[in-house]
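I have placed the structure first, in the form of structure tokens, so that the comments after it can refer back to it.
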Amino acid sequence: MSEALIVIDMQKDFCPGGALAVTDGDAVVGPINAMMADFDAVILTQDWHPADHASFAGNHAGGQPFATVQMPYGPQVLWPAHCVIGTGGAAFHPDLDIDRADLVIRKGFRSGIDSYSAFYENDHQTPTGLAGYLRDRGIAKLAFVGLAHDFCVAWSAMDAARLGFEARVIEDACRAIDLDGSLAAARDAMRQAGVALD
């Protein structure tokens, strides 16, 4: 059975010095590169936001980073502006082996809705097209790595399991934001969704 490595959001803004840096986020680049050869396919996701994105705290009157607001599609964490289309922060980490990628999925480019998952916008209805691509290639097993463990990695892995893929997260190749205990909550949710944590 073919297996794909799904590398989530290994971008400069999520690494130390970036606009929404994950602690030690750059430490997983080497391990991710090293494991790419072990998979039948490598897919990269890329957060790709317009400057007026609804998830940015600065686009809400009085909005504070890391506060939660209610959006038409549900609760939304307000983030510092990050991964803005065409900026250096939206670029992949310079050491990531992007030449090995078969596909790059850009997400979050619709200004009114955020997109943590590689499969759906945060309304859980608007697809990115990744599921169809994987099925067309006959890929049923997926391993997830990257940033951030408790948000985009977790949501992607859970959606994969719900869609019928065999999903696992390689935790040594992830780093988390861990916002108010979000990592423990994400691990519990992933286990309940049928995601294996390696």
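Labels for the structure tokens follow display order: chains A, B, ..., residues from 1 in each chain, ligands from 1.
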
Within 7 Å of segment 44-49 of chain A, counting only C-alpha atoms, which residues qualify if same-chain residues fewer than 2 places away don't, as a JSON list (two decimals) with N, CA and C atoms, in the first residue's frame?
```
[["chain", "number", "residue", "atom", "x", "y", "z"],
["A", 6, "ILE", "N", 3.02, 13.84, 4.43],
["A", 6, "ILE", "CA", 2.38, 15.15, 4.31],
["A", 6, "ILE", "C", 3.11, 16.11, 5.24],
["A", 7, "VAL", "N", 3.82, 17.05, 4.65],
["A", 7, "VAL", "CA", 4.65, 18.00, 5.40],
["A", 7, "VAL", "C", 3.85, 19.29, 5.56],
["A", 8, "ILE", "N", 3.46, 19.59, 6.79],
["A", 8, "ILE", "CA", 2.55, 20.70, 7.06],
["A", 8, "ILE", "C", 3.30, 21.99, 7.38],
["A", 9, "ASP", "N", 3.11, 22.98, 6.54],
["A", 9, "ASP", "CA", 3.44, 24.39, 6.81],
["A", 9, "ASP", "C", 4.85, 24.64, 7.35],
["A", 42, "VAL", "N", 5.57, 12.76, -1.56],
["A", 42, "VAL", "CA", 5.75, 13.82, -0.57],
["A", 42, "VAL", "C", 4.88, 14.99, -0.99],
["A", 51, "ALA", "N", -3.55, 39.73, 2.92],
["A", 51, "ALA", "CA", -3.28, 40.64, 4.04],
["A", 51, "ALA", "C", -4.53, 40.96, 4.85],
["A", 53, "HIS", "N", -6.83, 38.90, 5.81],
["A", 53, "HIS", "CA", -7.40, 37.63, 6.27],
["A", 53, "HIS", "C", -8.13, 37.78, 7.61],
["A", 83, "CYS", "N", 2.40, 34.50, 7.14],
["A", 83, "CYS", "CA", 2.33, 33.80, 5.85],
["A", 83, "CYS", "C", 1.48, 34.57, 4.85],
["A", 84, "VAL", "N", 1.72, 35.86, 4.78],
["A", 84, "VAL", "CA", 0.99, 36.70, 3.83],
["A", 84, "VAL", "C", 1.53, 36.44, 2.42],
["A", 85, "ILE", "N", 0.62, 36.26, 1.49],
["A", 85, "ILE", "CA", 0.96, 35.91, 0.11],
["A", 85, "ILE", "C", 2.07, 36.81, -0.43],
["A", 90, "ALA", "N", 6.08, 33.76, 4.14],
["A", 90, "ALA", "CA", 5.24, 32.70, 3.57],
["A", 90, "ALA", "C", 6.07, 31.63, 2.86],
["A", 101, "ALA", "N", 9.09, 17.30, -3.42],
["A", 101, "ALA", "CA", 7.63, 17.35, -3.33],
["A", 101, "ALA", "C", 6.97, 17.03, -4.67],
["A", 103, "LEU", "N", 3.61, 17.55, -4.84],
["A", 103, "LEU", "CA", 2.48, 18.48, -4.86],
["A", 103, "LEU", "C", 2.64, 19.48, -3.73],
["A", 104, "VAL", "N", 2.24, 20.73, -3.99],
["A", 104, "VAL", "CA", 2.15, 21.76, -2.95],
["A", 104, "VAL", "C", 0.69, 22.20, -2.88],
["A", 105, "ILE", "N", 0.11, 22.09, -1.69],
["A", 105, "ILE", "CA", -1.26, 22.54, -1.46],
["A", 105, "ILE", "C", -1.20, 23.85, -0.69],
["A", 106, "ARG", "N", -1.75, 24.91, -1.30],
["A", 106, "ARG", "CA", -1.83, 26.19, -0.60],
["A", 106, "ARG", "C", -3.22, 26.30, 0.03],
["A", 107, "LYS", "N", -3.24, 26.79, 1.27],
["A", 107, "LYS", "CA", -4.50, 26.85, 2.01],
["A", 107, "LYS", "C", -4.59, 28.18, 2.75],
["A", 108, "GLY", "N", -5.83, 28.58, 3.04],
["A", 108, "GLY", "CA", -6.05, 29.83, 3.75],
["A", 108, "GLY", "C", -6.05, 31.06, 2.87],
["A", 109, "PHE", "N", -6.20, 30.87, 1.56],
["A", 109, "PHE", "CA", -6.14, 32.01, 0.64],
["A", 109, "PHE", "C", -7.48, 32.74, 0.49],
["A", 118, "ALA", "N", -5.12, 20.29, 5.84],
["A", 118, "ALA", "CA", -4.70, 20.12, 4.44],
["A", 118, "ALA", "C", -5.85, 19.69, 3.54]]
```

- Could you find all residues in chain A that DSSP calls alpha helix (DSSP H) from the backbone, and write them as a PyMOL selection string? chain A and resi 29-35+130-136+154-162+182-193

- Can you list every residue in segment 11-161 of chain A that DSSP puts in strand (DSSP E or B), as a count of residues only? 37

Please build the interface table for segment 24-70 of chain A against segment 130-148 of chain A with a cut-off of 9 Å, listing for each qualifying residue the nearest atom pair and the distance in Å to one decimal; count only C-alpha atoms, order rows by chain and increasing number, and write it as a Markdown table.
```
| residue | atom | partner | partner_atom | distance |
| --- | --- | --- | --- | --- |
| A:Gly25 | CA | A:Leu147 | CA | 6.9 |
| A:Val28 | CA | A:Gly146 | CA | 7.1 |
| A:Val29 | CA | A:Gly146 | CA | 8.2 |
| A:Ile32 | CA | A:Val145 | CA | 7.3 |
| A:Asp40 | CA | A:Ile139 | CA | 8.5 |
| A:Ala41 | CA | A:Ile139 | CA | 8.5 |
```
